[in-house]
Amino acid sequence: MAHTGSFLPSFFTNARGEQTIAQAPNTPVLGWTLFGIASQMALQEENRVLLRTLSRVCLGLWAVLELTRGESGFRRTMGGLTLGWLATR
């Protein structure tokens, strides 16, 4: 059930009143994780760079999807902050 009259509860819930801080990982999050781990294990620098780039692309895709389709203010904010962080890297 949605909490009316208070910013914080509604910031963390969707339109149905469900908590949306943590959700099951989706494909971009899994790609970010797997490519990130693989980049740490790569033996050649060119492979590390490629895998790190793929990892960041996946994270950027996740951030754009959260910013544009996030179910709560919290998730949209996290998408925006992540895009800003990626832009400084």
# chains A, B, ... in the order shown; residues from 1 in each chain; ligands from 1

call {"tool": "residues_around", "arguments": {"residues": "Glu71 of chain A", "least_positions_apart": "6", "cutoff": "12 Å", "atoms": "only C-alpha atoms", "output": "PyMOL selection string"}}
result
chain A and resi 10-23+65+77-79

call {"tool": "write_last_selection", "arguments": {"atoms": "N, CA, C and O atoms", "output": "short mmCIF file (atom, residue, chain, number, x, y, z; two decimals), in the first residue's frame"}}
result
data_model
loop_
_atom_site.label_atom_id
_atom_site.label_comp_id
_atom_site.auth_asym_id
_atom_site.auth_seq_id
_atom_site.Cartn_x
_atom_site.Cartn_y
_atom_site.Cartn_z
N SER A 10 7.28 7.33 -0.58
CA SER A 10 6.93 7.30 -2.00
C SER A 10 8.17 7.33 -2.89
O SER A 10 8.13 6.86 -4.02
N PHE A 11 9.28 7.86 -2.39
CA PHE A 11 10.53 7.89 -3.15
C PHE A 11 11.05 6.48 -3.37
O PHE A 11 11.72 6.20 -4.36
N PHE A 12 10.76 5.57 -2.46
CA PHE A 12 11.27 4.20 -2.51
C PHE A 12 10.23 3.18 -2.97
O PHE A 12 10.50 1.98 -2.93
N THR A 13 9.06 3.61 -3.38
CA THR A 13 8.02 2.67 -3.81
C THR A 13 7.52 3.02 -5.20
O THR A 13 7.66 4.16 -5.66
N ASN A 14 6.94 2.04 -5.86
CA ASN A 14 6.36 2.29 -7.19
C ASN A 14 4.91 2.72 -7.04
O ASN A 14 4.41 2.90 -5.94
N ALA A 15 4.23 2.83 -8.17
CA ALA A 15 2.84 3.30 -8.17
C ALA A 15 1.90 2.33 -7.45
O ALA A 15 0.83 2.73 -7.00
N ARG A 16 2.29 1.07 -7.32
CA ARG A 16 1.47 0.08 -6.62
C ARG A 16 1.81 0.00 -5.13
O ARG A 16 1.28 -0.84 -4.42
N GLY A 17 2.74 0.84 -4.67
CA GLY A 17 3.11 0.85 -3.27
C GLY A 17 4.15 -0.21 -2.90
O GLY A 17 4.44 -0.41 -1.73
N GLU A 18 4.73 -0.87 -3.89
CA GLU A 18 5.73 -1.90 -3.64
C GLU A 18 7.11 -1.28 -3.51
O GLU A 18 7.46 -0.36 -4.25
N GLN A 19 7.91 -1.78 -2.59
CA GLN A 19 9.28 -1.32 -2.39
C GLN A 19 10.11 -1.67 -3.62
O GLN A 19 10.03 -2.76 -4.13
N THR A 20 10.87 -0.71 -4.11
CA THR A 20 11.65 -0.93 -5.34
C THR A 20 13.12 -0.55 -5.17
O THR A 20 13.78 -0.19 -6.14
N ILE A 21 13.64 -0.63 -3.96
CA ILE A 21 15.06 -0.33 -3.75
C ILE A 21 15.91 -1.42 -4.38
O ILE A 21 16.83 -1.16 -5.14
N ALA A 22 15.62 -2.65 -4.06
CA ALA A 22 16.39 -3.78 -4.60
C ALA A 22 15.47 -4.64 -5.45
O ALA A 22 14.34 -4.92 -5.06
N GLN A 23 15.98 -5.02 -6.61
CA GLN A 23 15.23 -5.89 -7.50
C GLN A 23 16.18 -6.97 -8.00
O GLN A 23 17.40 -6.81 -7.93
N LEU A 65 18.39 2.88 -18.61
CA LEU A 65 17.09 2.23 -18.41
C LEU A 65 16.47 2.63 -17.08
O LEU A 65 15.25 2.87 -17.01
N THR A 77 16.92 8.12 -9.63
CA THR A 77 18.05 8.88 -9.10
C THR A 77 19.35 8.08 -9.22
O THR A 77 20.39 8.61 -9.61
N MET A 78 19.29 6.79 -8.87
CA MET A 78 20.49 5.95 -8.98
C MET A 78 20.97 5.86 -10.43
O MET A 78 22.17 5.88 -10.69
N GLY A 79 20.04 5.79 -11.37
CA GLY A 79 20.42 5.78 -12.78
C GLY A 79 21.12 7.06 -13.17
O GLY A 79 22.17 7.04 -13.83
#

call {"tool": "closest_residue", "arguments": {"among": "A:Gln40, A:Thr68, A:Pro9, A:Ala63", "to": "Leu81 of chain A", "atoms": "only C-alpha atoms"}}
result
A:Ala63

call {"tool": "select_by_dssp", "arguments": {"residues": "segment 13-65 of chain A", "states": "helix (DSSP H, G or I)", "output": "ChimeraX atom specification"}}
result
/A:27-41,45-65

call {"tool": "residues_around", "arguments": {"residues": "Ala87 of chain A", "least_positions_apart": "5", "cutoff": "12 Å", "atoms": "only C-alpha atoms", "output": "PyMOL selection string"}}
result
chain A and resi 56-57+59-60+63+80-82

call {"tool": "residues_around", "arguments": {"residues": "segment 48-52 of chain A", "least_positions_apart": "3", "cutoff": "9 Å", "atoms": "only C-alpha atoms", "output": "PyMOL selection string"}}
result
chain A and resi 32+35-45+55-57

call {"tool": "write_last_selection", "arguments": {"atoms": "N, CA, C and O atoms", "output": "mmCIF file, in the first residue's frame"}}
result
data_model
loop_
_atom_site.group_PDB
_atom_site.id
_atom_site.type_symbol
_atom_site.label_atom_id
_atom_site.label_comp_id
_atom_site.auth_asym_id
_atom_site.auth_seq_id
_atom_site.Cartn_x
_atom_site.Cartn_y
_atom_site.Cartn_z
ATOM 1 N N TRP A 32 27.502 -6.301 -16.655
ATOM 2 C CA TRP A 32 28.469 -5.443 -15.966
ATOM 3 C C TRP A 32 29.319 -6.273 -14.998
ATOM 4 O O TRP A 32 30.546 -6.146 -14.963
ATOM 5 N N PHE A 35 31.506 -9.109 -17.114
ATOM 6 C CA PHE A 35 32.595 -8.488 -17.864
ATOM 7 C C PHE A 35 33.613 -7.847 -16.914
ATOM 8 O O PHE A 35 34.816 -7.859 -17.182
ATOM 9 N N GLY A 36 33.139 -7.289 -15.806
ATOM 10 C CA GLY A 36 34.057 -6.702 -14.826
ATOM 11 C C GLY A 36 34.962 -7.743 -14.201
ATOM 12 O O GLY A 36 36.172 -7.530 -14.062
ATOM 13 N N ILE A 37 34.397 -8.876 -13.832
ATOM 14 C CA ILE A 37 35.202 -9.960 -13.264
ATOM 15 C C ILE A 37 36.186 -10.486 -14.304
ATOM 16 O O ILE A 37 37.369 -10.696 -14.011
ATOM 17 N N ALA A 38 35.697 -10.687 -15.534
ATOM 18 C CA ALA A 38 36.567 -11.191 -16.598
ATOM 19 C C ALA A 38 37.711 -10.223 -16.875
ATOM 20 O O ALA A 38 38.845 -10.651 -17.146
ATOM 21 N N SER A 39 37.451 -8.916 -16.782
ATOM 22 C CA SER A 39 38.525 -7.942 -17.035
ATOM 23 C C SER A 39 39.631 -8.038 -15.991
ATOM 24 O O SER A 39 40.796 -7.786 -16.294
ATOM 25 N N GLN A 40 39.265 -8.412 -14.778
ATOM 26 C CA GLN A 40 40.265 -8.573 -13.724
ATOM 27 C C GLN A 40 41.105 -9.828 -13.928
ATOM 28 O O GLN A 40 42.237 -9.908 -13.448
ATOM 29 N N MET A 41 40.561 -10.798 -14.638
ATOM 30 C CA MET A 41 41.250 -12.064 -14.832
ATOM 31 C C MET A 41 41.987 -12.143 -16.167
ATOM 32 O O MET A 41 42.779 -13.056 -16.377
ATOM 33 N N ALA A 42 41.752 -11.188 -17.066
ATOM 34 C CA ALA A 42 42.386 -11.217 -18.387
ATOM 35 C C ALA A 42 43.895 -11.044 -18.251
ATOM 36 O O ALA A 42 44.380 -10.249 -17.449
ATOM 37 N N LEU A 43 44.619 -11.802 -19.048
ATOM 38 C CA LEU A 43 46.085 -11.768 -18.979
ATOM 39 C C LEU A 43 46.692 -10.693 -19.863
ATOM 40 O O LEU A 43 47.749 -10.154 -19.554
ATOM 41 N N GLN A 44 46.044 -10.366 -20.971
ATOM 42 C CA GLN A 44 46.584 -9.364 -21.891
ATOM 43 C C GLN A 44 45.877 -8.030 -21.684
ATOM 44 O O GLN A 44 44.656 -7.978 -21.512
ATOM 45 N N GLU A 45 46.653 -6.970 -21.750
ATOM 46 C CA GLU A 45 46.109 -5.625 -21.507
ATOM 47 C C GLU A 45 44.985 -5.277 -22.475
ATOM 48 O O GLU A 45 43.976 -4.702 -22.075
ATOM 49 N N SER A 55 32.037 -3.859 -19.797
ATOM 50 C CA SER A 55 31.433 -3.769 -18.471
ATOM 51 C C SER A 55 30.808 -2.391 -18.256
ATOM 52 O O SER A 55 29.670 -2.277 -17.790
ATOM 53 N N ARG A 56 31.536 -1.351 -18.617
ATOM 54 C CA ARG A 56 31.014 0.010 -18.447
ATOM 55 C C ARG A 56 29.837 0.297 -19.361
ATOM 56 O O ARG A 56 28.909 1.018 -18.985
ATOM 57 N N VAL A 57 29.848 -0.263 -20.570
ATOM 58 C CA VAL A 57 28.711 -0.099 -21.483
ATOM 59 C C VAL A 57 27.463 -0.731 -20.867
ATOM 60 O O VAL A 57 26.375 -0.145 -20.900
#
